[in-house]
Amino acid sequence: MAAIDGLPPLREVIKTHDLVAKKQLGQNFLLDLNLTAKIARAAGDLTGSDVLEVGPGPGGLTRGLLAEGARRVLAVEKDPRCLPALAEIAAAYPGRLEVVNEDALKLDAAALLTPPIRIVANLPYNVGTELLIRWLTPAVWPPFWESLTLMFQKEVAERIVAKPRTEHYGRLALLAQWRCDARIVLVLPPEAFTPAPKVHSAVVHLTRLAEPRYPADEAVLGRITAMAFNQRRKMLRSSLKAMGPDIEEKLRAAGIEPTARAEEISLEKFCALAREVAG
Ligand code: SAM
């Protein structure tokens with residue numbers, strides 16, 4: 001059955017262009033266009049937005065983004081073998097898809113896009129986490145993007161949205177939730193991908209806040225949470241000892257019991273402590 005964009009089914013695209021998945025590029029492809037359309041819809045209303053797609057591969061998600069009405073898609077793909085397949089999509093959507101054959105970690109994509117910008121990606125997990133941290137820590141806030149809709153290993157997704165006193169709560173949750181609303185919008189079993197990975201995956205949607213949720217100096221907050229979670233089972237008065245001899249007073253002033261442990265402390269309290277420490 002022909003797809004709504006008149007392009008061949010993805011299995012055929014992969015066969016025609018001999019896109020045998022490469023493990024070292026983290027290639028686990030989504031071949032179900034209903035599923036890729038669903039992920040595109042999770043990114044919000046795309047009609048007035050430019051979309052940065054990282055790692056389009058054979059283009060399943062790219063086709064979803066274009067069919068859902070993205071004004072323009074800039075797709076950054078490291079593997080040159082995918083370019084002919086992506087060129088066919090560009091031809092089916094004249095003027096709306098630009099493909100760049102580059103390592104996303106090396107490209108300054110912001111300069112190539114017009115706001116409002118949404119970022120969508122199904123990336124290898126290591127690259128995805130590195131890019132997420134970069135996108136969350138730009139030189140100035142607000143960043144160039146409005147939202148991030150990213151596929152992760154389910155456990156990483158849980159670390160991004162985790163709340164205090166739960167197994168996955170830590171620095172990634174604090175960093176993400178300080179500056180964004182973050183939620184898991186879709187959980188996918190391994191069989192949704194070709195080839196199937198070992199674990200479940202999940203799509204996280206993050207919407208940037210205009211200002212960080214609570215005031216705090218980014219560097220101080222980062223230092224405190226790094227120290228606190230490097231020794232997450234220790235009491236804070238001990239894990240934060242290197243912050244100075246008056247750390248217990250500062251903890252109390254921030255409303256934190258010095259005997260509490262990192263995983264019990266809310267983002268709001270970590271920010272209060274960062275303000276105490278910064279003076
Ligand atoms: N988006 C496609 C899909 O959903 O079927 C492909 C997903 S596959 C998990 C990851 C894609 O990212 C592959 O096409 C791979 O070649 C590409 N990729 C890996 N590392 C990359 C990097 N550093 N920069 C850009 N693309 C990369």
# chains A, B, ... in the order shown; residues from 1 in each chain; ligands from 1
$ residues_near_ligand --ligand "ligand 1" --cutoff "6 Å" --atoms "only C-alpha atoms and all ligand atoms" --output "list in words"
Leu25, Gly26, Gln27, Asn28, Phe29, Leu30, Val54, Gly55, Pro56, Gly57, Gly59, Gly60, Leu61, Val76, Glu77, Lys78, Asp79, Asp103, Ala104, Leu105, Asn122, Leu123 and Pro124 of chain A
$ residues_around --residues "segment 93-98 of chain A" --least-positions-apart "5" --cutoff "7 Å" --atoms "only C-alpha atoms" --output "PyMOL selection string"
chain A and resi 71-75
$ atom_distance --atom1 "atom CA of Ala40 of chain A" --atom2 "atom CA of Glu68 of chain A"
6.7 Å
$ residues_around --residues "Leu221 of chain A" --least-positions-apart "4" --cutoff "9 Å" --atoms "only C-alpha atoms" --output "list in words"
Ala216, Asp217, Thr225, Ala226, Phe270, Cys271, Leu273, Ala274 and Arg275 of chain A
$ closest_atom_pairs --of "segment 69-176 of chain A" --to "segment 190-209 of chain A" --cutoff "7 Å" --atoms "only C-alpha atoms" --output "JSON lines"
{"residue": "A:Glu146", "atom": "CA", "partner": "A:Arg208", "partner_atom": "CA", "distance": 5.8}
{"residue": "A:Ser147", "atom": "CA", "partner": "A:Thr207", "partner_atom": "CA", "distance": 4.4}
{"residue": "A:Leu148", "atom": "CA", "partner": "A:Leu206", "partner_atom": "CA", "distance": 5.1}
{"residue": "A:Thr149", "atom": "CA", "partner": "A:His205", "partner_atom": "CA", "distance": 4.4}
{"residue": "A:Leu150", "atom": "CA", "partner": "A:Val203", "partner_atom": "CA", "distance": 5.4}
{"residue": "A:Met151", "atom": "CA", "partner": "A:Val203", "partner_atom": "CA", "distance": 4.3}
{"residue": "A:Phe152", "atom": "CA", "partner": "A:Ala202", "partner_atom": "CA", "distance": 5.5}
{"residue": "A:Gln153", "atom": "CA", "partner": "A:Ser201", "partner_atom": "CA", "distance": 4.4}
{"residue": "A:Lys154", "atom": "CA", "partner": "A:Ser201", "partner_atom": "CA", "distance": 4.4}
{"residue": "A:Ala157", "atom": "CA", "partner": "A:Ala202", "partner_atom": "CA", "distance": 6.1}
$ write_last_selection --atoms "N, CA and C atoms" --output "compact mmCIF listing (two decimals), in the first residue's frame"
# COMPACT_ATOMS: atom_id res chain seq x y z
N GLU A 146 12.47 25.75 20.98
CA GLU A 146 11.27 25.83 21.83
C GLU A 146 11.04 24.52 22.57
N SER A 147 11.29 23.40 21.86
CA SER A 147 11.02 22.09 22.48
C SER A 147 11.98 21.05 21.91
N LEU A 148 12.15 19.98 22.70
CA LEU A 148 12.97 18.83 22.31
C LEU A 148 12.08 17.60 22.41
N THR A 149 12.06 16.80 21.37
CA THR A 149 11.29 15.55 21.40
C THR A 149 12.27 14.46 21.01
N LEU A 150 12.71 13.68 22.01
CA LEU A 150 13.88 12.83 21.80
C LEU A 150 13.64 11.41 22.27
N MET A 151 14.11 10.47 21.45
CA MET A 151 14.03 9.05 21.81
C MET A 151 15.24 8.68 22.64
N PHE A 152 14.99 7.99 23.75
CA PHE A 152 16.09 7.51 24.59
C PHE A 152 15.82 6.07 24.98
N GLN A 153 16.84 5.44 25.47
CA GLN A 153 16.68 4.19 26.19
C GLN A 153 15.69 4.51 27.32
N LYS A 154 14.74 3.62 27.63
CA LYS A 154 13.70 3.97 28.60
C LYS A 154 14.28 4.42 29.93
N ALA A 157 15.28 7.99 29.78
CA ALA A 157 14.06 8.83 29.79
C ALA A 157 13.55 8.98 31.23
